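Novice: What follows is the file work.cif, containing mmCIF, C-alpha atoms and all ligand atoms:
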```cif
data_my_file
loop_
_atom_site.group_PDB
_atom_site.id
_atom_site.type_symbol
_atom_site.label_atom_id
_atom_site.label_comp_id
_atom_site.auth_asym_id
_atom_site.auth_seq_id
_atom_site.Cartn_x
_atom_site.Cartn_y
_atom_site.Cartn_z
ATOM 1 C CA MET A 1 -86.536 17.182 83.588
ATOM 2 C CA ARG A 2 -88.861 14.190 83.461
ATOM 3 C CA LEU A 3 -91.824 13.420 81.289
ATOM 4 C CA GLY A 4 -94.793 11.503 82.679
ATOM 5 C CA LEU A 5 -97.362 9.742 80.564
ATOM 6 C CA ASP A 6 -100.574 8.448 82.116
ATOM 7 C CA ILE A 7 -102.434 6.125 79.774
ATOM 8 C CA GLY A 8 -105.952 5.230 80.843
ATOM 9 C CA GLY A 9 -108.833 3.445 79.180
ATOM 10 C CA THR A 10 -110.567 6.727 78.353
ATOM 11 C CA LYS A 11 -107.927 9.467 78.380
ATOM 12 C CA MET A 12 -104.187 9.883 78.230
ATOM 13 C CA GLU A 13 -102.197 12.705 79.693
ATOM 14 C CA ALA A 14 -98.601 13.861 79.458
ATOM 15 C CA ALA A 15 -96.770 16.289 81.733
ATOM 16 C CA ILE A 16 -93.258 17.615 82.180
ATOM 17 C CA LEU A 17 -91.942 17.687 85.725
ATOM 18 C CA ALA A 18 -88.883 19.663 86.769
ATOM 19 C CA THR A 19 -87.190 20.129 90.121
ATOM 20 C CA HIS A 20 -86.544 23.700 91.241
ATOM 21 C CA SER A 21 -84.752 24.255 94.554
ATOM 22 C CA GLY A 22 -85.784 20.826 95.803
ATOM 23 C CA ARG A 23 -89.454 21.127 94.758
ATOM 24 C CA ASP A 24 -91.072 19.280 91.880
ATOM 25 C CA GLU A 25 -93.104 21.455 89.541
ATOM 26 C CA VAL A 26 -95.360 20.661 86.590
ATOM 27 C CA LEU A 27 -94.190 22.791 83.650
ATOM 28 C CA ALA A 28 -96.546 21.670 80.897
ATOM 29 C CA ARG A 29 -99.382 19.220 80.518
ATOM 30 C CA GLU A 30 -101.849 18.049 77.939
ATOM 31 C CA ARG A 31 -104.696 15.536 77.852
ATOM 32 C CA VAL A 32 -106.353 13.749 74.918
ATOM 33 C CA PRO A 33 -108.919 10.931 74.624
ATOM 34 C CA THR A 34 -107.389 7.439 74.328
ATOM 35 C CA GLN A 35 -109.959 6.114 71.818
ATOM 36 C CA ARG A 36 -108.786 2.581 72.499
ATOM 37 C CA GLU A 37 -111.446 1.166 70.145
ATOM 38 C CA GLU A 38 -109.227 2.377 67.269
ATOM 39 C CA GLY A 39 -106.578 -0.180 68.209
ATOM 40 C CA PHE A 40 -102.974 0.016 69.353
ATOM 41 C CA ALA A 41 -101.331 1.522 66.248
ATOM 42 C CA SER A 42 -103.528 4.575 66.231
ATOM 43 C CA VAL A 43 -103.427 5.047 70.037
ATOM 44 C CA TYR A 44 -99.633 4.771 69.922
ATOM 45 C CA LYS A 45 -99.458 7.411 67.189
ATOM 46 C CA ARG A 46 -101.490 9.819 69.344
ATOM 47 C CA MET A 47 -99.239 9.001 72.293
ATOM 48 C CA VAL A 48 -96.152 10.071 70.311
ATOM 49 C CA GLN A 49 -98.007 13.199 69.162
ATOM 50 C CA LEU A 50 -98.945 13.988 72.770
ATOM 51 C CA ILE A 51 -95.296 13.785 73.824
ATOM 52 C CA SER A 52 -94.270 16.260 71.107
ATOM 53 C CA THR A 53 -97.127 18.583 72.092
ATOM 54 C CA VAL A 54 -95.996 18.930 75.736
ATOM 55 C CA LEU A 55 -92.365 19.227 74.708
ATOM 56 C CA ASN A 56 -93.284 22.042 72.296
ATOM 57 C CA GLN A 57 -95.507 23.747 74.889
ATOM 58 C CA ASN A 58 -92.517 23.954 77.164
ATOM 59 C CA GLY A 59 -89.950 24.688 74.461
ATOM 60 C CA THR A 60 -88.060 21.539 75.454
ATOM 61 C CA SER A 61 -86.259 19.145 73.177
ATOM 62 C CA ILE A 62 -86.469 15.411 73.813
ATOM 63 C CA SER A 63 -82.741 15.271 74.557
ATOM 64 C CA ASP A 64 -83.306 17.564 77.582
ATOM 65 C CA LEU A 65 -85.294 14.833 79.308
ATOM 66 C CA ASP A 66 -83.726 12.572 81.940
ATOM 67 C CA GLY A 67 -86.358 9.987 81.288
ATOM 68 C CA ILE A 68 -89.950 9.110 80.447
ATOM 69 C CA GLY A 69 -92.227 7.372 82.955
ATOM 70 C CA ILE A 70 -95.387 5.644 81.778
ATOM 71 C CA GLY A 71 -98.392 4.545 83.823
ATOM 72 C CA LEU A 72 -100.546 1.833 82.253
ATOM 73 C CA PRO A 73 -103.893 0.389 83.404
ATOM 74 C CA GLY A 74 -102.695 -3.142 84.224
ATOM 75 C CA ALA A 75 -100.030 -5.231 85.945
ATOM 76 C CA ILE A 76 -96.538 -4.730 84.497
ATOM 77 C CA ASN A 77 -93.869 -7.402 84.209
ATOM 78 C CA PRO A 78 -90.897 -5.733 85.947
ATOM 79 C CA GLN A 79 -88.366 -7.552 83.728
ATOM 80 C CA THR A 80 -89.876 -6.847 80.305
ATOM 81 C CA GLN A 81 -91.771 -3.636 81.279
ATOM 82 C CA GLN A 82 -94.724 -5.011 79.326
ATOM 83 C CA MET A 83 -98.331 -5.037 80.472
ATOM 84 C CA LEU A 84 -99.537 -8.517 81.479
ATOM 85 C CA ASN A 85 -103.271 -7.946 81.829
ATOM 86 C CA GLY A 86 -105.836 -5.238 82.360
ATOM 87 C CA ASN A 87 -109.104 -3.967 80.963
ATOM 88 C CA THR A 88 -107.432 -2.041 78.123
ATOM 89 C CA ALA A 89 -106.134 -5.118 76.331
ATOM 90 C CA ILE A 90 -104.528 -3.249 73.402
ATOM 91 C CA PHE A 91 -101.458 -2.540 75.571
ATOM 92 C CA VAL A 92 -100.898 -6.153 76.645
ATOM 93 C CA GLY A 93 -97.484 -7.373 75.465
ATOM 94 C CA GLN A 94 -96.500 -4.084 73.772
ATOM 95 C CA ASP A 95 -92.884 -3.045 74.314
ATOM 96 C CA LEU A 96 -93.452 0.688 74.786
ATOM 97 C CA PRO A 97 -89.900 1.513 75.959
ATOM 98 C CA ALA A 98 -88.399 -0.083 72.825
ATOM 99 C CA LEU A 99 -90.940 1.547 70.497
ATOM 100 C CA LEU A 100 -90.643 5.011 72.011
ATOM 101 C CA SER A 101 -86.859 5.069 72.266
ATOM 102 C CA HIS A 102 -86.660 4.053 68.613
ATOM 103 C CA ASP A 103 -89.344 6.398 67.269
ATOM 104 C CA LEU A 104 -88.352 9.400 69.392
ATOM 105 C CA GLU A 105 -84.622 8.685 69.049
ATOM 106 C CA PHE A 106 -84.458 8.911 72.822
ATOM 107 C CA SER A 107 -81.551 7.352 74.699
ATOM 108 C CA GLY A 108 -82.650 8.230 78.280
ATOM 109 C CA SER A 109 -84.416 5.780 80.563
ATOM 110 C CA ILE A 110 -88.045 4.784 80.031
ATOM 111 C CA ALA A 111 -89.907 3.151 82.908
ATOM 112 C CA VAL A 112 -93.366 1.597 82.929
ATOM 113 C CA ALA A 113 -95.558 0.961 85.984
ATOM 114 C CA ASN A 114 -99.090 0.123 86.937
ATOM 115 C CA ASP A 115 -101.268 3.271 87.144
ATOM 116 C CA ALA A 116 -102.302 2.561 90.748
ATOM 117 C CA ASN A 117 -98.607 2.496 91.689
ATOM 118 C CA CYS A 118 -98.201 5.874 89.972
ATOM 119 C CA PHE A 119 -101.160 7.272 91.930
ATOM 120 C CA ALA A 120 -99.752 5.944 95.223
ATOM 121 C CA LEU A 121 -96.263 7.265 94.477
ATOM 122 C CA ALA A 122 -97.458 10.762 93.532
ATOM 123 C CA GLU A 123 -99.644 11.070 96.632
ATOM 124 C CA ALA A 124 -96.862 9.678 98.846
ATOM 125 C CA LEU A 125 -94.181 12.074 97.612
ATOM 126 C CA LEU A 126 -96.039 15.196 96.460
ATOM 127 C CA GLY A 127 -99.628 14.865 97.698
ATOM 128 C CA VAL A 128 -100.910 13.958 101.165
ATOM 129 C CA GLY A 129 -97.559 12.352 102.027
ATOM 130 C CA LEU A 130 -95.840 15.719 101.905
ATOM 131 C CA ARG A 131 -98.262 17.216 104.437
ATOM 132 C CA HIS A 132 -98.125 14.111 106.616
ATOM 133 C CA ALA A 133 -94.316 14.186 106.645
ATOM 134 C CA GLN A 134 -94.281 17.883 107.539
ATOM 135 C CA GLU A 135 -96.550 17.206 110.518
ATOM 136 C CA LEU A 136 -94.146 14.514 111.716
ATOM 137 C CA GLY A 137 -91.096 16.660 111.042
ATOM 138 C CA THR A 138 -89.688 14.235 108.488
ATOM 139 C CA THR A 139 -89.569 13.856 104.704
ATOM 140 C CA PRO A 140 -91.979 11.795 102.559
ATOM 141 C CA GLU A 141 -89.147 9.458 101.495
ATOM 142 C CA HIS A 142 -89.094 8.036 105.039
ATOM 143 C CA LEU A 143 -92.746 7.032 105.056
ATOM 144 C CA THR A 144 -94.661 3.865 104.228
ATOM 145 C CA SER A 145 -98.124 4.181 102.729
ATOM 146 C CA ILE A 146 -100.835 2.535 100.686
ATOM 147 C CA GLY A 147 -102.647 4.217 97.807
ATOM 148 C CA VAL A 148 -106.101 2.690 97.397
ATOM 149 C CA ILE A 149 -108.165 3.274 94.258
ATOM 150 C CA LEU A 150 -111.902 2.962 94.805
ATOM 151 C CA GLY A 151 -113.038 3.580 91.244
ATOM 152 C CA THR A 152 -114.550 1.508 88.463
ATOM 153 C CA GLY A 153 -112.371 -1.213 89.971
ATOM 154 C CA VAL A 154 -110.317 -1.443 93.163
ATOM 155 C CA GLY A 155 -106.538 -1.272 92.930
ATOM 156 C CA GLY A 156 -103.630 -0.103 94.950
ATOM 157 C CA GLY A 157 -99.984 0.736 95.294
ATOM 158 C CA LEU A 158 -97.682 -0.068 98.187
ATOM 159 C CA ILE A 159 -95.086 2.585 98.928
ATOM 160 C CA TYR A 160 -92.167 1.637 101.116
ATOM 161 C CA LYS A 161 -89.843 4.494 102.042
ATOM 162 C CA GLY A 162 -90.610 6.527 98.953
ATOM 163 C CA ARG A 163 -90.585 3.672 96.430
ATOM 164 C CA ALA A 164 -93.432 1.706 94.867
ATOM 165 C CA LEU A 165 -93.104 -2.042 95.426
ATOM 166 C CA GLU A 166 -93.735 -3.943 92.219
ATOM 167 C CA GLY A 167 -93.054 -7.549 93.307
ATOM 168 C CA PRO A 168 -91.066 -10.101 91.267
ATOM 169 C CA HIS A 169 -94.040 -10.675 88.932
ATOM 170 C CA GLY A 170 -95.500 -7.167 88.953
ATOM 171 C CA GLY A 171 -98.379 -8.187 91.190
ATOM 172 C CA ALA A 172 -97.613 -6.280 94.414
ATOM 173 C CA GLY A 173 -100.535 -4.126 95.496
ATOM 174 C CA GLU A 174 -103.272 -5.998 93.630
ATOM 175 C CA ILE A 175 -105.385 -5.443 96.711
ATOM 176 C CA GLY A 176 -108.700 -5.359 94.845
ATOM 177 C CA HIS A 177 -108.581 -9.125 94.521
ATOM 178 C CA THR A 178 -108.108 -9.946 98.170
ATOM 179 C CA GLN A 179 -111.207 -11.768 99.351
ATOM 180 C CA LEU A 180 -113.632 -10.250 101.845
ATOM 181 C CA ASP A 181 -116.301 -12.966 101.596
ATOM 182 C CA PRO A 182 -115.811 -16.383 99.947
ATOM 183 C CA GLY A 183 -119.577 -16.546 99.389
ATOM 184 C CA GLY A 184 -119.720 -13.047 97.886
ATOM 185 C CA PRO A 185 -120.465 -11.905 94.321
ATOM 186 C CA LYS A 186 -118.532 -13.381 91.380
ATOM 187 C CA CYS A 187 -115.501 -11.363 90.334
ATOM 188 C CA PHE A 188 -114.135 -11.127 86.774
ATOM 189 C CA CYS A 189 -110.883 -12.656 88.083
ATOM 190 C CA GLY A 190 -112.658 -15.990 88.627
ATOM 191 C CA ARG A 191 -113.013 -15.854 92.416
ATOM 192 C CA GLN A 192 -115.876 -14.700 94.608
ATOM 193 C CA GLY A 193 -116.254 -11.829 97.035
ATOM 194 C CA CYS A 194 -113.088 -9.910 96.108
ATOM 195 C CA ALA A 195 -112.828 -6.426 97.645
ATOM 196 C CA GLU A 196 -113.537 -5.059 94.160
ATOM 197 C CA THR A 197 -116.967 -6.707 94.039
ATOM 198 C CA PHE A 198 -118.052 -4.793 97.157
ATOM 199 C CA LEU A 199 -116.098 -1.552 97.088
ATOM 200 C CA SER A 200 -115.727 -0.487 93.459
ATOM 201 C CA GLY A 201 -118.393 1.819 92.036
ATOM 202 C CA LYS A 202 -119.459 -0.898 89.633
ATOM 203 C CA GLY A 203 -119.446 -3.557 92.365
ATOM 204 C CA MET A 204 -121.624 -1.407 94.603
ATOM 205 C CA GLU A 205 -124.082 -0.819 91.769
ATOM 206 C CA THR A 206 -124.363 -4.584 91.192
ATOM 207 C CA TRP A 207 -124.939 -5.623 94.798
ATOM 208 C CA TYR A 208 -127.297 -2.704 95.341
ATOM 209 C CA ALA A 209 -129.432 -3.833 92.388
ATOM 210 C CA ASP A 210 -129.416 -7.461 93.635
ATOM 211 C CA ARG A 211 -130.360 -6.521 97.159
ATOM 212 C CA PHE A 212 -132.690 -3.571 96.695
ATOM 213 C CA GLY A 213 -134.055 -4.309 93.213
ATOM 214 C CA GLU A 214 -133.128 -0.974 91.679
ATOM 215 C CA LYS A 215 -130.371 -0.027 89.224
ATOM 216 C CA LEU A 216 -128.600 3.138 90.376
ATOM 217 C CA PHE A 217 -125.137 4.619 89.888
ATOM 218 C CA ALA A 218 -122.938 4.528 93.004
ATOM 219 C CA MET A 219 -123.011 8.333 93.090
ATOM 220 C CA GLN A 220 -126.835 8.300 93.127
ATOM 221 C CA ILE A 221 -126.828 5.868 96.060
ATOM 222 C CA PHE A 222 -124.574 8.197 98.073
ATOM 223 C CA ASP A 223 -126.698 11.226 97.076
ATOM 224 C CA ARG A 224 -129.886 9.481 98.216
ATOM 225 C CA ALA A 225 -128.236 8.482 101.498
ATOM 226 C CA GLU A 226 -127.473 12.138 102.096
ATOM 227 C CA MET A 227 -131.187 12.820 101.687
ATOM 228 C CA LEU A 228 -131.747 10.105 104.319
ATOM 229 C CA GLU A 229 -133.445 7.692 101.939
ATOM 230 C CA LYS A 230 -133.777 4.398 103.844
ATOM 231 C CA LYS A 231 -132.438 1.876 101.320
ATOM 232 C CA ALA A 232 -129.522 4.096 100.372
ATOM 233 C CA LEU A 233 -128.616 4.656 104.023
ATOM 234 C CA GLU A 234 -128.565 0.928 104.557
ATOM 235 C CA ALA A 235 -126.392 0.490 101.463
ATOM 236 C CA VAL A 236 -123.869 3.044 102.708
ATOM 237 C CA GLN A 237 -123.774 1.186 106.046
ATOM 238 C CA ILE A 238 -123.024 -2.040 104.186
ATOM 239 C CA TYR A 239 -120.336 -0.288 102.131
ATOM 240 C CA ARG A 240 -118.737 1.036 105.314
ATOM 241 C CA ARG A 241 -118.648 -2.409 106.918
ATOM 242 C CA TYR A 242 -116.759 -3.840 103.945
ATOM 243 C CA LEU A 243 -114.469 -0.826 103.794
ATOM 244 C CA ASP A 244 -113.674 -1.222 107.530
ATOM 245 C CA GLN A 245 -112.682 -4.855 106.965
ATOM 246 C CA PHE A 246 -110.666 -4.091 103.872
ATOM 247 C CA THR A 247 -108.802 -1.153 105.426
ATOM 248 C CA LEU A 248 -108.062 -3.139 108.562
ATOM 249 C CA ASN A 249 -106.665 -6.030 106.506
ATOM 250 C CA LEU A 250 -104.409 -3.604 104.644
ATOM 251 C CA ILE A 251 -103.142 -2.036 107.876
ATOM 252 C CA ASN A 252 -102.439 -5.400 109.523
ATOM 253 C CA PHE A 253 -100.673 -6.570 106.410
ATOM 254 C CA PHE A 254 -98.448 -3.567 105.646
ATOM 255 C CA ASP A 255 -98.329 -1.358 108.776
ATOM 256 C CA PRO A 256 -98.443 1.922 106.826
ATOM 257 C CA ASP A 257 -98.006 5.441 108.193
ATOM 258 C CA PHE A 258 -101.089 6.441 106.214
ATOM 259 C CA LEU A 259 -103.521 5.337 103.532
ATOM 260 C CA VAL A 260 -104.759 7.568 100.741
ATOM 261 C CA PHE A 261 -107.942 6.930 98.767
ATOM 262 C CA GLY A 262 -108.425 7.822 95.116
ATOM 263 C CA GLY A 263 -110.938 7.030 92.368
ATOM 264 C CA GLY A 264 -114.561 8.108 91.947
ATOM 265 C CA VAL A 265 -115.917 6.616 95.186
ATOM 266 C CA SER A 266 -113.154 8.353 97.198
ATOM 267 C CA LEU A 267 -114.947 11.658 96.507
ATOM 268 C CA GLN A 268 -117.844 10.588 98.769
ATOM 269 C CA PRO A 269 -117.399 12.147 102.248
ATOM 270 C CA ALA A 270 -119.671 9.433 103.713
ATOM 271 C CA ILE A 271 -117.020 6.740 103.334
ATOM 272 C CA TYR A 272 -114.641 8.529 105.734
ATOM 273 C CA GLN A 273 -117.170 9.076 108.526
ATOM 274 C CA GLY A 274 -115.891 7.290 111.641
ATOM 275 C CA LEU A 275 -113.590 5.079 109.548
ATOM 276 C CA GLU A 276 -110.357 5.895 111.395
ATOM 277 C CA GLU A 277 -111.937 5.521 114.839
ATOM 278 C CA ARG A 278 -113.514 2.142 114.018
ATOM 279 C CA VAL A 279 -110.394 0.771 112.379
ATOM 280 C CA TRP A 280 -107.940 2.055 114.995
ATOM 281 C CA LYS A 281 -109.833 0.131 117.696
ATOM 282 C CA GLN A 282 -109.253 -3.154 115.898
ATOM 283 C CA THR A 283 -105.668 -3.112 114.618
ATOM 284 C CA PHE A 284 -103.624 -6.162 115.556
ATOM 285 C CA ILE A 285 -100.766 -4.060 116.922
ATOM 286 C CA PRO A 286 -102.319 -1.935 119.676
ATOM 287 C CA ASP A 287 -102.274 1.833 119.213
ATOM 288 C CA THR A 288 -101.502 1.628 115.507
ATOM 289 C CA ARG A 289 -103.197 4.733 114.190
ATOM 290 C CA PRO A 290 -102.468 5.268 110.539
ATOM 291 C CA ARG A 291 -104.252 8.283 109.089
ATOM 292 C CA ILE A 292 -106.711 7.738 106.241
ATOM 293 C CA TYR A 293 -106.830 10.566 103.713
ATOM 294 C CA GLN A 294 -108.682 11.575 100.609
ATOM 295 C CA ASN A 295 -106.178 12.326 97.814
ATOM 296 C CA THR A 296 -105.053 15.906 97.193
ATOM 297 C CA LEU A 297 -103.659 15.714 93.645
ATOM 298 C CA GLY A 298 -106.932 14.590 92.083
ATOM 299 C CA ASP A 299 -106.695 13.624 88.428
ATOM 300 C CA SER A 300 -103.066 14.735 88.167
ATOM 301 C CA ALA A 301 -101.709 12.028 90.465
ATOM 302 C CA GLY A 302 -101.346 9.503 87.628
ATOM 303 C CA VAL A 303 -99.236 11.642 85.350
ATOM 304 C CA ILE A 304 -97.105 13.065 88.185
ATOM 305 C CA GLY A 305 -96.513 9.564 89.567
ATOM 306 C CA ALA A 306 -95.476 8.367 86.110
ATOM 307 C CA ALA A 307 -92.853 11.138 85.905
ATOM 308 C CA LEU A 308 -91.657 10.223 89.423
ATOM 309 C CA LEU A 309 -90.783 6.716 88.179
ATOM 310 C CA ILE A 310 -87.657 8.348 86.773
ATOM 311 C CA PRO A 311 -85.209 8.894 89.637
HETATM 312 ZN ZN ZN B 1 -111.283 -10.635 91.875
#
```
Please render this file's structure as structure tokens.
Ligand SMILES: [Zn+2]

Specialist:
Amino acid sequence: MRLGLDIGGTKMEAAILATHSGRDEVLARERVPTQREEGFASVYKRMVQLISTVLNQNGTSISDLDGIGIGLPGAINPQTQQMLNGNTAIFVGQDLPALLSHDLEFSGSIAVANDANCFALAEALLGVGLRHAQELGTTPEHLTSIGVILGTGVGGGLIYKGRALEGPHGGAGEIGHTQLDPGGPKCFCGRQGCAETFLSGKGMETWYADRFGEKLFAMQIFDRAEMLEKKALEAVQIYRRYLDQFTLNLINFFDPDFLVFGGGVSLQPAIYQGLEERVWKQTFIPDTRPRIYQNTLGDSAGVIGAALLIP
């Protein structure tokens, strides 16, 4: 039995995952607000409480667990398992494995990974990857894929044969900060025209306001495009052009079997229209036709992926 913990800026979730006759099943789960403004000590206390709650729900004792996997919203140093950066700064430099094994008196393994890696891993092994593998007559562990988060920011996870690549410094899959236009909008990372500045919900809202002089949420822009409003239609066209470029770069760089999109913007059907056809025509290796999917696990991908960090 494995316990997954998905810690986000706004909510945290814990779930227990068990394998029954070769299939992974979620036995118990619970979600609480993170309330990061209260600081690390109080968030950590609620995290420990959350772990006991799911264990109790399932009638499991901590010693029954093979391990605890944790997804955090930032890059993780693979040696120290500590978060290096990210928008929820209270976790930076905290040694969660040491704290939790001490406070829970837990001797099993505790692994920490970037939340986008957890998303990509869950979708690769238990989400769209499972269906894709079945269609090919293989198992998900044989496939290579990219999980792409199009949310408040843009992030990603690279899955190679069933494992998330972390890189020697924890920076593998930081695809949101690959540049699409050196003259593009300023990014918080210090560069200009990163994929995130065009393709994240927030990025889209900013360039839409600059270009069309109106402040709208990304969702409102897509809604208006559906009602054939001229400016919104043009904005969706612009979004698609950047997404084409970005997706094509990812395919040429990693040669995946499939890509899977997550995050708020991935819920918009308009972003998928014609995407595969346009991208397939332009891949560097002829006839490379990776499928591009919307995620199937929804909100649960993070917590399931965290549990899957434990082998
Ligand atoms: Zn950037």

Novice: Compile the contact shell of region 154-166 of chain A as a list in words: residues with an atom at most 6 Å away, counting all atoms listed in the file, same-chain residues fewer than 6 positions apart removed.

Specialist: Ala116, Asn117, Ala120, Glu141, His142, Leu143, Thr144, Ser145, Ile146, Gly147, Val148, Ala172, Gly173, Glu174, Ile175, Gly176, Glu196 and Ser200 of chain A

Novice: Given the PyMOL selection byres (((not hetatm)) within 10 of (chain B and resi 1)) and the file above, list the residues it selects as a list in words.

Specialist: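 Taken over the shown coordinates, the PyMOL selection byres (((not hetatm)) within 10 of (chain B and resi 1)) returns Gly153, Val154, Glu174, Ile175, Gly176, His177, Thr178, Gln179, Pro185, Lys186, Cys187, Phe188, Cys189, Gly190, Arg191, Gln192, Gly193, Cys194, Ala195, Glu196 and Thr197 of chain A.
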
Novice: Which residues would end up in the selection if the PyMOL selection byres (((chain A and resi 27) around 8) and not hetatm) were applied here, given that I need the answer as an MDAnalysis selection string?

Specialist: chainID A and resid 15:18 25:26 28:29 58

Novice: By how many Å are CA of Leu267 (chain A) and CA of Thr10 (chain A) apart?

Specialist: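 The value is 19.3 Å.
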
Novice: On this structure, the PyMOL selection byres (((chain A and resi 54) around 10) and not hetatm) would catch which residues? List them as a compact mmCIF listing (two decimals) with C-alpha atoms, keeping the file's coordinate frame, sorted by chain and number.

Specialist:
```
# COMPACT_ATOMS: atom_id res chain seq x y z
CA LEU A 3 -91.82 13.42 81.29
CA GLU A 13 -102.20 12.70 79.69
CA ALA A 14 -98.60 13.86 79.46
CA ALA A 15 -96.77 16.29 81.73
CA ILE A 16 -93.26 17.61 82.18
CA LEU A 27 -94.19 22.79 83.65
CA ALA A 28 -96.55 21.67 80.90
CA ARG A 29 -99.38 19.22 80.52
CA GLU A 30 -101.85 18.05 77.94
CA ARG A 31 -104.70 15.54 77.85
CA GLN A 49 -98.01 13.20 69.16
CA LEU A 50 -98.94 13.99 72.77
CA ILE A 51 -95.30 13.78 73.82
CA SER A 52 -94.27 16.26 71.11
CA THR A 53 -97.13 18.58 72.09
CA LEU A 55 -92.36 19.23 74.71
CA ASN A 56 -93.28 22.04 72.30
CA GLN A 57 -95.51 23.75 74.89
CA ASN A 58 -92.52 23.95 77.16
CA GLY A 59 -89.95 24.69 74.46
CA THR A 60 -88.06 21.54 75.45
```

Novice: Assuming 3 Å of padding per side, give the centre and edge lengths of the axis-aligned box around every listed atom of region 94-111 of chain A, in Å to one decimal and as lines of an AutoDock Vina configuration file.

Specialist:
```
center_x = -89.0
center_y = 2.7
center_z = 75.1
size_x = 20.9
size_y = 19.5
size_z = 21.6
```

Novice: Please provide the set of residues having any atom within 10 Å of Phe212 (chain A), restricted to only C-alpha atoms, with same-chain residues fewer than 4 positions apart removed, written as a PyMOL selection string.

Specialist: chain A and resi 207-208+231-232+234-235

Novice: Could you work out how far CA of Ser101 (chain A) lies from CA of Gly69 (chain A), giving the answer in Å with one decimal?

Specialist: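 Result for CA of Gly69 (chain A) versus CA of Ser101 (chain A): 12.2 Å, one decimal.
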
Novice: Determine, counting all atoms listed in the file, every residue of protein, DNA or RNA that lies within 10 Å of (-123.2, 2.2, 93.0) in the file coordinates, then give the result as a list in words.

Specialist: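 Output: Thr152, Phe198, Leu199, Ser200, Gly201, Lys202, Gly203, Met204, Glu205, Thr206, Trp207, Tyr208, Ala209, Lys215, Leu216, Phe217, Ala218, Met219, Gln220, Ile221, Phe222, Ala232, Ala235, Val236, Tyr239 and Val265 of chain A.
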
Novice: Next, dump the selected residues to file, keeping only C-alpha atoms, as a CSV table (one decimal), keeping the file's coordinate frame.

Specialist:
```csv
chain,number,residue,atom,x,y,z
A,152,THR,CA,-114.6,1.5,88.5
A,198,PHE,CA,-118.1,-4.8,97.2
A,199,LEU,CA,-116.1,-1.6,97.1
A,200,SER,CA,-115.7,-0.5,93.5
A,201,GLY,CA,-118.4,1.8,92.0
A,202,LYS,CA,-119.5,-0.9,89.6
A,203,GLY,CA,-119.4,-3.6,92.4
A,204,MET,CA,-121.6,-1.4,94.6
A,205,GLU,CA,-124.1,-0.8,91.8
A,206,THR,CA,-124.4,-4.6,91.2
A,207,TRP,CA,-124.9,-5.6,94.8
A,208,TYR,CA,-127.3,-2.7,95.3
A,209,ALA,CA,-129.4,-3.8,92.4
A,215,LYS,CA,-130.4,0.0,89.2
A,216,LEU,CA,-128.6,3.1,90.4
A,217,PHE,CA,-125.1,4.6,89.9
A,218,ALA,CA,-122.9,4.5,93.0
A,219,MET,CA,-123.0,8.3,93.1
A,220,GLN,CA,-126.8,8.3,93.1
A,221,ILE,CA,-126.8,5.9,96.1
A,222,PHE,CA,-124.6,8.2,98.1
A,232,ALA,CA,-129.5,4.1,100.4
A,235,ALA,CA,-126.4,0.5,101.5
A,236,VAL,CA,-123.9,3.0,102.7
A,239,TYR,CA,-120.3,-0.3,102.1
A,265,VAL,CA,-115.9,6.6,95.2
```

Novice: At a cut-off of 10 Å, using all atoms listed in the file, what residues contact Glu276 (chain A)? Leave out same-chain residues fewer than 5 positions from it and give the result as an mmCIF file with C-alpha atoms, in the frame of the given file.

Specialist:
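Output saved as result12.cif:
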```
data_model
loop_
_atom_site.group_PDB
_atom_site.id
_atom_site.type_symbol
_atom_site.label_atom_id
_atom_site.label_comp_id
_atom_site.auth_asym_id
_atom_site.auth_seq_id
_atom_site.Cartn_x
_atom_site.Cartn_y
_atom_site.Cartn_z
ATOM 1 C CA ASP A 244 -113.674 -1.222 107.530
ATOM 2 C CA THR A 247 -108.802 -1.153 105.426
ATOM 3 C CA LEU A 248 -108.062 -3.139 108.562
ATOM 4 C CA LYS A 281 -109.833 0.131 117.696
ATOM 5 C CA ARG A 289 -103.197 4.733 114.190
ATOM 6 C CA PRO A 290 -102.468 5.268 110.539
ATOM 7 C CA ARG A 291 -104.252 8.283 109.089
ATOM 8 C CA ILE A 292 -106.711 7.738 106.241
ATOM 9 C CA TYR A 293 -106.830 10.566 103.713
#
```

Novice: What separation in Å, quoted to one decimal, exists between CA of Ala307 (chain A) and CA of Pro168 (chain A)?

Specialist: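 That distance, rounded to one decimal, is 22.0 Å.
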